[in-house]
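Heads up: the structure comes next, in structure tokens.
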Amino acid sequence: MRISTNTIYQSGTSRLMDLQNDLSKLNQQISSGKKVRSPADDPVAAARILELTHAQNMNDTYSNTRNVAKTSLETYETNMTSITNVILDVQTSLVAAGNASYNDQQRHNIASELQGRLDSLIGLVNTKDAQGNYMYSGHKTGTVPYVLNTGTGNIDFQGDTERRSLQVDVQRQMPVTYSGDQLFQANGNDMFATLQDIIGLLNTPITDATTQQAYTAGLKDTMTKVQNVLDQVLNVRADIGSKLNEIDTLDVTGSDMELQYTASISKLQDLDYTEALSDLAKRSTILEAAQKSYIQTSQLSLFAFI
């Protein structure tokens, strides 16, 4: 088979271009520090890198969401600590109100104390969070949860019972808010109505056995209802503590996953500089030899043999 001179030139030129392209690609990899810079470099590795990067981004998103959830829960815990202290003060006042030696004026003074406690509670449950949302209004975050109804004299709840949840992990959606009725009007107990009733009873003079009996029964009922509300608040605080512990556990798992994703992506994408530099030296030598060979071959002529 005869091989034309043109074929020889084309073959040599093609070989040199392939070697130069390989060398250029290797130089670009060394410059970027990445052995896979596009799907063309390694389609399988590129697809895997894309998959791992997406998973890593989702892991980061869940981490940020957990920070938001943690802040919300810690805000509730701080607020409920204050609420718990007020309720404990209410109980102390109620115990004092049971002193049989107290006269009407002393009971009136206790009523004034409880009115102050009631006002404090209303202030605490009408608190806003750092974003300016009312904490205990459910989804109606722009509505004041509790207001005094001037017509009935009752303290009415204006929020709803909905709770906001956050996706803190791929399979975990965590409720991170609490509505006012969940704390103060659960199981038939209305903390505000109960306090209003006992304040009215404390301000009512005891004049005979009937009023004494009504007072004693009312005080006992109030103490039971206040204890029930306190138990509910403590249950919610326990729930908050449990959720905070769960978030800490998820954070540890998320940190471990972040390390795994980073290591896997690095293994697929990052360049081994020692290997790359060695390959660069080898390919440069091959290219140089090919260039010299091409020059010598291209200068061959039959006249050189005459």
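Lettering and numbering for the structure tokens are positional, with chains as A, B, ... in the shown order, residues counted from 1 in each chain, and ligands counted from 1 in the shown order.
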For this session: Mind checking which residues fall within 8 Å of segment 244-255 of chain A, counting only C-alpha atoms, ignoring those fewer than 4 positions away in the same chain, and posting them as a list in words?
Result: Asn59, Ser63, Arg66, Lys70, Leu73, Val168, Asp169, Ile240 and Leu259 of chain A
Resulting file, chosen residues, N, CA and C atoms, as a short mmCIF file (atom, residue, chain, number, x, y, z; two decimals), in the first residue's frame:
```
data_model
loop_
_atom_site.label_atom_id
_atom_site.label_comp_id
_atom_site.auth_asym_id
_atom_site.auth_seq_id
_atom_site.Cartn_x
_atom_site.Cartn_y
_atom_site.Cartn_z
N ASN A 59 -28.01 20.15 52.40
CA ASN A 59 -27.54 19.98 53.77
C ASN A 59 -27.26 21.34 54.41
N SER A 63 -29.20 23.15 57.56
CA SER A 63 -28.41 23.70 58.68
C SER A 63 -28.87 25.12 59.00
N ARG A 66 -32.24 25.03 60.62
CA ARG A 66 -32.15 24.64 62.03
C ARG A 66 -31.72 25.81 62.91
N LYS A 70 -33.85 27.01 65.96
CA LYS A 70 -33.23 27.10 67.29
C LYS A 70 -33.46 28.48 67.90
N LEU A 73 -37.14 28.71 69.02
CA LEU A 73 -37.41 27.92 70.22
C LEU A 73 -36.76 28.54 71.45
N VAL A 168 -36.32 20.89 59.06
CA VAL A 168 -34.99 20.95 59.66
C VAL A 168 -34.10 19.81 59.19
N ASP A 169 -34.66 18.85 58.48
CA ASP A 169 -33.89 17.75 57.91
C ASP A 169 -34.73 17.15 56.79
N ILE A 240 -39.98 22.10 74.19
CA ILE A 240 -38.94 22.97 73.61
C ILE A 240 -37.56 22.38 73.86
N LEU A 259 -18.72 17.02 55.94
CA LEU A 259 -17.35 16.51 55.76
C LEU A 259 -17.31 15.41 54.70
#
```
Problem set entry | Sel. of alpha helix (DSSP H) residues, segment 16-227 of chain A, as an NGL selection string | :A and (16-32 or 43-97 or 104-125 or 180-184 or 191-202 or 209-227)
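Residue nearest Ser179 of chain A, chosen from A:Met135, A:Ala130, A:Leu114, A:Met80 and counting only C-alpha atoms: A:Met135.
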Exercise. Any idea what the distance is between atom CA of Phe157 of chain A and atom CA of Ala214 of chain A?
Worked result: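 Taking atom CA of Phe157 of chain A as the start and atom CA of Ala214 of chain A as the end point, the length is 28.3 Å.
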For this session: Would you please give, as number ranges by chain, all residues of segment 62-304 of chain A that DSSP assigns to strand (DSSP E) based on the backbone?
Result: A: 146-148, 155-157, 165-169, 172-175
Problem set entry | Proximity to Val90 of chain A - best of A:Ala47, A:Val68, A:Leu230, A:Ala217, only C-alpha atoms | A:Leu230
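Taking atom CA of Arg117 of chain A and atom CA of Gln131 of chain A as the two end points, the separation is 26.7 Å.
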For this session: State, in Å with one decimal place, the distance from atom CA of Ser82 of chain A to atom CA of Gln167 of chain A.
Result: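 Those two atoms sit 28.5 Å apart.
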Exercise. Leaving out Ile198 of chain A and any residue of its chain fewer than 6 positions from it, which residues lie within 10 Å of it when counting only C-alpha atoms, given as number ranges by chain?
Worked result: A: 94, 111, 114-115, 204, 215, 218-219, 221-223
Requested write-out: N, CA and C atoms of the selected residues, as a PDB file, in the first residue's frame:
```pdb
ATOM      1  N   LEU A  94     -51.866  33.360  95.961  1.00  0.00           N
ATOM      2  CA  LEU A  94     -53.076  32.589  96.249  1.00  0.00           C
ATOM      3  C   LEU A  94     -52.953  31.847  97.578  1.00  0.00           C
ATOM      4  N   ALA A 111     -55.470  41.163  95.848  1.00  0.00           N
ATOM      5  CA  ALA A 111     -56.132  41.340  94.554  1.00  0.00           C
ATOM      6  C   ALA A 111     -55.342  42.315  93.674  1.00  0.00           C
ATOM      7  N   LEU A 114     -52.371  40.495  92.313  1.00  0.00           N
ATOM      8  CA  LEU A 114     -52.743  39.594  91.220  1.00  0.00           C
ATOM      9  C   LEU A 114     -53.088  40.360  89.944  1.00  0.00           C
ATOM     10  N   GLN A 115     -53.640  41.541  90.093  1.00  0.00           N
ATOM     11  CA  GLN A 115     -53.915  42.362  88.913  1.00  0.00           C
ATOM     12  C   GLN A 115     -52.605  42.726  88.218  1.00  0.00           C
ATOM     13  N   THR A 204     -64.358  41.195  96.988  1.00  0.00           N
ATOM     14  CA  THR A 204     -65.710  41.078  97.558  1.00  0.00           C
ATOM     15  C   THR A 204     -65.608  40.841  99.070  1.00  0.00           C
ATOM     16  N   TYR A 215     -66.028  32.164  98.855  1.00  0.00           N
ATOM     17  CA  TYR A 215     -64.628  32.581  98.749  1.00  0.00           C
ATOM     18  C   TYR A 215     -63.707  31.365  98.819  1.00  0.00           C
ATOM     19  N   GLY A 218     -64.047  29.253  95.669  1.00  0.00           N
ATOM     20  CA  GLY A 218     -63.473  29.955  94.529  1.00  0.00           C
ATOM     21  C   GLY A 218     -61.949  29.935  94.558  1.00  0.00           C
ATOM     22  N   LEU A 219     -61.370  30.115  95.766  1.00  0.00           N
ATOM     23  CA  LEU A 219     -59.915  30.120  95.920  1.00  0.00           C
ATOM     24  C   LEU A 219     -59.347  28.733  95.580  1.00  0.00           C
ATOM     25  N   ASP A 221     -60.718  26.412  93.652  1.00  0.00           N
ATOM     26  CA  ASP A 221     -60.866  26.186  92.210  1.00  0.00           C
ATOM     27  C   ASP A 221     -59.792  26.934  91.422  1.00  0.00           C
ATOM     28  N   THR A 222     -59.517  28.156  91.861  1.00  0.00           N
ATOM     29  CA  THR A 222     -58.494  28.969  91.189  1.00  0.00           C
ATOM     30  C   THR A 222     -57.123  28.324  91.294  1.00  0.00           C
ATOM     31  N   MET A 223     -56.775  27.842  92.470  1.00  0.00           N
ATOM     32  CA  MET A 223     -55.464  27.230  92.670  1.00  0.00           C
ATOM     33  C   MET A 223     -55.310  25.984  91.788  1.00  0.00           C
TER      34      MET A 223
END
```
Problem set entry | Spatial neighbours of Val125 of chain A, 9 Å, only C-alpha atoms, chain gap at least 2 places, as JSON, numbers by chain | {"A": [79, 80, 83, 120, 121, 122, 123, 127, 128, 134, 135, 136, 145, 146, 180]}
Seminar exercise, completed: For Thr84 of chain A, the closest of A:Leu118, A:Leu234, A:Val44, A:Ile110 counting only C-alpha atoms is A:Leu234
For this session: Name the residues in contact with Glu162 of chain A at a cut-off of 10 Å, using only C-alpha atoms, excluding same-chain residues fewer than 6 positions from it; report them as a ChimeraX atom specification.
Result: /A:136-140,175,177-179
Restrict the selected residues to all heavy atoms and save them as a PDB file, in the first residue's frame.
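Saved result, result_30.pdb, follows:
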```pdb
ATOM      1  N   TYR A 136     -47.493  34.469  69.972  1.00  0.00           N
ATOM      2  CA  TYR A 136     -48.544  33.527  70.373  1.00  0.00           C
ATOM      3  C   TYR A 136     -49.834  33.687  69.578  1.00  0.00           C
ATOM      4  O   TYR A 136     -50.888  33.262  70.030  1.00  0.00           O
ATOM      5  CB  TYR A 136     -48.826  33.688  71.865  1.00  0.00           C
ATOM      6  CG  TYR A 136     -47.651  33.306  72.739  1.00  0.00           C
ATOM      7  CD1 TYR A 136     -46.816  34.279  73.272  1.00  0.00           C
ATOM      8  CD2 TYR A 136     -47.374  31.974  73.013  1.00  0.00           C
ATOM      9  CE1 TYR A 136     -45.717  33.937  74.064  1.00  0.00           C
ATOM     10  CE2 TYR A 136     -46.283  31.621  73.811  1.00  0.00           C
ATOM     11  CZ  TYR A 136     -45.461  32.608  74.330  1.00  0.00           C
ATOM     12  OH  TYR A 136     -44.386  32.269  75.112  1.00  0.00           O
ATOM     13  N   SER A 137     -49.743  34.263  68.375  1.00  0.00           N
ATOM     14  CA  SER A 137     -50.947  34.483  67.566  1.00  0.00           C
ATOM     15  C   SER A 137     -51.142  33.417  66.494  1.00  0.00           C
ATOM     16  O   SER A 137     -52.011  33.564  65.636  1.00  0.00           O
ATOM     17  CB  SER A 137     -50.883  35.861  66.887  1.00  0.00           C
ATOM     18  OG  SER A 137     -51.054  36.893  67.828  1.00  0.00           O
ATOM     19  N   GLY A 138     -50.349  32.348  66.520  1.00  0.00           N
ATOM     20  CA  GLY A 138     -50.450  31.347  65.471  1.00  0.00           C
ATOM     21  C   GLY A 138     -49.963  31.906  64.159  1.00  0.00           C
ATOM     22  O   GLY A 138     -48.917  32.543  64.102  1.00  0.00           O
ATOM     23  N   HIS A 139     -50.732  31.687  63.086  1.00  0.00           N
ATOM     24  CA  HIS A 139     -50.366  32.225  61.776  1.00  0.00           C
ATOM     25  C   HIS A 139     -50.721  33.707  61.635  1.00  0.00           C
ATOM     26  O   HIS A 139     -50.252  34.363  60.711  1.00  0.00           O
ATOM     27  CB  HIS A 139     -51.059  31.434  60.665  1.00  0.00           C
ATOM     28  CG  HIS A 139     -50.358  30.145  60.346  1.00  0.00           C
ATOM     29  ND1 HIS A 139     -50.821  29.255  59.414  1.00  0.00           N
ATOM     30  CD2 HIS A 139     -49.210  29.594  60.838  1.00  0.00           C
ATOM     31  CE1 HIS A 139     -50.007  28.212  59.342  1.00  0.00           C
ATOM     32  NE2 HIS A 139     -49.031  28.399  60.204  1.00  0.00           N
ATOM     33  N   LYS A 140     -51.531  34.210  62.538  1.00  0.00           N
ATOM     34  CA  LYS A 140     -51.934  35.630  62.476  1.00  0.00           C
ATOM     35  C   LYS A 140     -50.889  36.473  63.218  1.00  0.00           C
ATOM     36  O   LYS A 140     -51.159  37.110  64.223  1.00  0.00           O
ATOM     37  CB  LYS A 140     -53.324  35.801  63.073  1.00  0.00           C
ATOM     38  CG  LYS A 140     -54.393  34.997  62.341  1.00  0.00           C
ATOM     39  CD  LYS A 140     -55.716  34.973  63.084  1.00  0.00           C
ATOM     40  CE  LYS A 140     -56.381  36.319  63.091  1.00  0.00           C
ATOM     41  NZ  LYS A 140     -57.744  36.267  63.679  1.00  0.00           N
ATOM     42  N   PRO A 175     -42.449  21.655  64.286  1.00  0.00           N
ATOM     43  CA  PRO A 175     -43.193  22.843  64.723  1.00  0.00           C
ATOM     44  C   PRO A 175     -42.318  23.687  65.654  1.00  0.00           C
ATOM     45  O   PRO A 175     -41.721  23.156  66.596  1.00  0.00           O
ATOM     46  CB  PRO A 175     -44.383  22.246  65.485  1.00  0.00           C
ATOM     47  CG  PRO A 175     -44.470  20.820  65.034  1.00  0.00           C
ATOM     48  CD  PRO A 175     -43.067  20.397  64.751  1.00  0.00           C
ATOM     49  N   THR A 177     -43.372  27.049  66.721  1.00  0.00           N
ATOM     50  CA  THR A 177     -44.124  28.132  67.355  1.00  0.00           C
ATOM     51  C   THR A 177     -45.228  27.527  68.221  1.00  0.00           C
ATOM     52  O   THR A 177     -45.577  26.354  68.083  1.00  0.00           O
ATOM     53  CB  THR A 177     -44.759  29.073  66.311  1.00  0.00           C
ATOM     54  OG1 THR A 177     -45.670  28.333  65.499  1.00  0.00           O
ATOM     55  CG2 THR A 177     -43.695  29.720  65.437  1.00  0.00           C
ATOM     56  N   TYR A 178     -45.778  28.365  69.098  1.00  0.00           N
ATOM     57  CA  TYR A 178     -46.843  27.925  70.013  1.00  0.00           C
ATOM     58  C   TYR A 178     -47.902  29.023  70.064  1.00  0.00           C
ATOM     59  O   TYR A 178     -47.570  30.213  70.118  1.00  0.00           O
ATOM     60  CB  TYR A 178     -46.282  27.673  71.410  1.00  0.00           C
ATOM     61  CG  TYR A 178     -45.218  26.598  71.430  1.00  0.00           C
ATOM     62  CD1 TYR A 178     -43.884  26.915  71.202  1.00  0.00           C
ATOM     63  CD2 TYR A 178     -45.552  25.271  71.656  1.00  0.00           C
ATOM     64  CE1 TYR A 178     -42.898  25.931  71.191  1.00  0.00           C
ATOM     65  CE2 TYR A 178     -44.579  24.279  71.663  1.00  0.00           C
ATOM     66  CZ  TYR A 178     -43.255  24.630  71.427  1.00  0.00           C
ATOM     67  OH  TYR A 178     -42.289  23.652  71.412  1.00  0.00           O
ATOM     68  N   SER A 179     -49.170  28.616  70.043  1.00  0.00           N
ATOM     69  CA  SER A 179     -50.251  29.606  70.105  1.00  0.00           C
ATOM     70  C   SER A 179     -50.668  29.817  71.554  1.00  0.00           C
ATOM     71  O   SER A 179     -50.487  28.944  72.408  1.00  0.00           O
ATOM     72  CB  SER A 179     -51.449  29.136  69.270  1.00  0.00           C
ATOM     73  OG  SER A 179     -51.987  27.954  69.808  1.00  0.00           O
TER      74      SER A 179
END
```
Problem set entry | Surrounding residues of Thr262 of chain A excluding itself and chain neighbours under 4 positions, 9 Å, only C-alpha atoms, as number ranges by chain | A: 52-53, 56, 257-258, 266-267
Problem set entry | Neighbour list for Thr81 of chain A as an NGL selection string, cut-off 12 Å, only C-alpha atoms, skip fewer than 3 positions in-chain | :A and (74-78 or 84-88 or 121 or 124-125 or 230 or 233-234 or 236-238 or 240)
If you keep N, CA and C atoms, can you produce a file of those selected residues as a PDB file, in the first residue's frame?
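Saved as result10.pdb:
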```pdb
ATOM      1  N   GLU A  74     -35.560  29.055  71.304  1.00  0.00           N
ATOM      2  CA  GLU A  74     -34.880  29.690  72.439  1.00  0.00           C
ATOM      3  C   GLU A  74     -35.593  30.967  72.863  1.00  0.00           C
ATOM      4  N   THR A  75     -36.179  31.677  71.896  1.00  0.00           N
ATOM      5  CA  THR A  75     -36.956  32.878  72.223  1.00  0.00           C
ATOM      6  C   THR A  75     -38.188  32.499  73.049  1.00  0.00           C
ATOM      7  N   TYR A  76     -38.862  31.415  72.641  1.00  0.00           N
ATOM      8  CA  TYR A  76     -40.020  30.937  73.409  1.00  0.00           C
ATOM      9  C   TYR A  76     -39.598  30.489  74.805  1.00  0.00           C
ATOM     10  N   GLU A  77     -38.461  29.794  74.884  1.00  0.00           N
ATOM     11  CA  GLU A  77     -37.999  29.306  76.183  1.00  0.00           C
ATOM     12  C   GLU A  77     -37.727  30.473  77.132  1.00  0.00           C
ATOM     13  N   THR A  78     -37.082  31.517  76.627  1.00  0.00           N
ATOM     14  CA  THR A  78     -36.810  32.699  77.450  1.00  0.00           C
ATOM     15  C   THR A  78     -38.107  33.340  77.921  1.00  0.00           C
ATOM     16  N   THR A  84     -43.437  31.454  83.533  1.00  0.00           N
ATOM     17  CA  THR A  84     -43.426  30.507  84.655  1.00  0.00           C
ATOM     18  C   THR A  84     -43.219  31.229  85.978  1.00  0.00           C
ATOM     19  N   ASN A  85     -42.299  32.165  85.992  1.00  0.00           N
ATOM     20  CA  ASN A  85     -42.019  32.915  87.227  1.00  0.00           C
ATOM     21  C   ASN A  85     -43.234  33.722  87.675  1.00  0.00           C
ATOM     22  N   VAL A  86     -43.945  34.310  86.721  1.00  0.00           N
ATOM     23  CA  VAL A  86     -45.149  35.074  87.076  1.00  0.00           C
ATOM     24  C   VAL A  86     -46.216  34.140  87.661  1.00  0.00           C
ATOM     25  N   ILE A  87     -46.402  32.971  87.037  1.00  0.00           N
ATOM     26  CA  ILE A  87     -47.407  32.028  87.536  1.00  0.00           C
ATOM     27  C   ILE A  87     -47.035  31.536  88.937  1.00  0.00           C
ATOM     28  N   LEU A  88     -45.759  31.320  89.176  1.00  0.00           N
ATOM     29  CA  LEU A  88     -45.318  30.919  90.520  1.00  0.00           C
ATOM     30  C   LEU A  88     -45.615  32.024  91.532  1.00  0.00           C
ATOM     31  N   LEU A 121     -48.601  39.036  82.702  1.00  0.00           N
ATOM     32  CA  LEU A 121     -48.841  37.894  81.815  1.00  0.00           C
ATOM     33  C   LEU A 121     -49.318  38.350  80.438  1.00  0.00           C
ATOM     34  N   LEU A 124     -46.444  39.613  78.511  1.00  0.00           N
ATOM     35  CA  LEU A 124     -45.540  38.555  78.053  1.00  0.00           C
ATOM     36  C   LEU A 124     -46.111  37.785  76.863  1.00  0.00           C
ATOM     37  N   VAL A 125     -47.411  37.495  76.899  1.00  0.00           N
ATOM     38  CA  VAL A 125     -47.985  36.721  75.787  1.00  0.00           C
ATOM     39  C   VAL A 125     -48.237  37.601  74.559  1.00  0.00           C
ATOM     40  N   LEU A 230     -49.935  26.020  84.816  1.00  0.00           N
ATOM     41  CA  LEU A 230     -48.496  25.906  85.050  1.00  0.00           C
ATOM     42  C   LEU A 230     -47.966  24.581  84.502  1.00  0.00           C
ATOM     43  N   VAL A 233     -47.672  24.888  80.782  1.00  0.00           N
ATOM     44  CA  VAL A 233     -46.501  25.695  80.396  1.00  0.00           C
ATOM     45  C   VAL A 233     -45.223  24.881  80.559  1.00  0.00           C
ATOM     46  N   LEU A 234     -45.123  24.137  81.644  1.00  0.00           N
ATOM     47  CA  LEU A 234     -43.931  23.311  81.873  1.00  0.00           C
ATOM     48  C   LEU A 234     -43.837  22.193  80.839  1.00  0.00           C
ATOM     49  N   VAL A 236     -44.879  22.406  77.764  1.00  0.00           N
ATOM     50  CA  VAL A 236     -44.409  23.053  76.531  1.00  0.00           C
ATOM     51  C   VAL A 236     -42.914  23.339  76.624  1.00  0.00           C
ATOM     52  N   ARG A 237     -42.468  23.781  77.784  1.00  0.00           N
ATOM     53  CA  ARG A 237     -41.038  24.031  77.957  1.00  0.00           C
ATOM     54  C   ARG A 237     -40.233  22.734  77.812  1.00  0.00           C
ATOM     55  N   ALA A 238     -40.783  21.639  78.297  1.00  0.00           N
ATOM     56  CA  ALA A 238     -40.118  20.333  78.122  1.00  0.00           C
ATOM     57  C   ALA A 238     -40.065  19.964  76.644  1.00  0.00           C
ATOM     58  N   ILE A 240     -39.977  22.100  74.187  1.00  0.00           N
ATOM     59  CA  ILE A 240     -38.943  22.970  73.608  1.00  0.00           C
ATOM     60  C   ILE A 240     -37.556  22.383  73.856  1.00  0.00           C
TER      61      ILE A 240
END
```
Exercise. A:Ala96, A:Val229, A:Met58, A:Ala263: which is nearest Leu195 of chain A, counting only C-alpha atoms?
Worked result: A:Val229
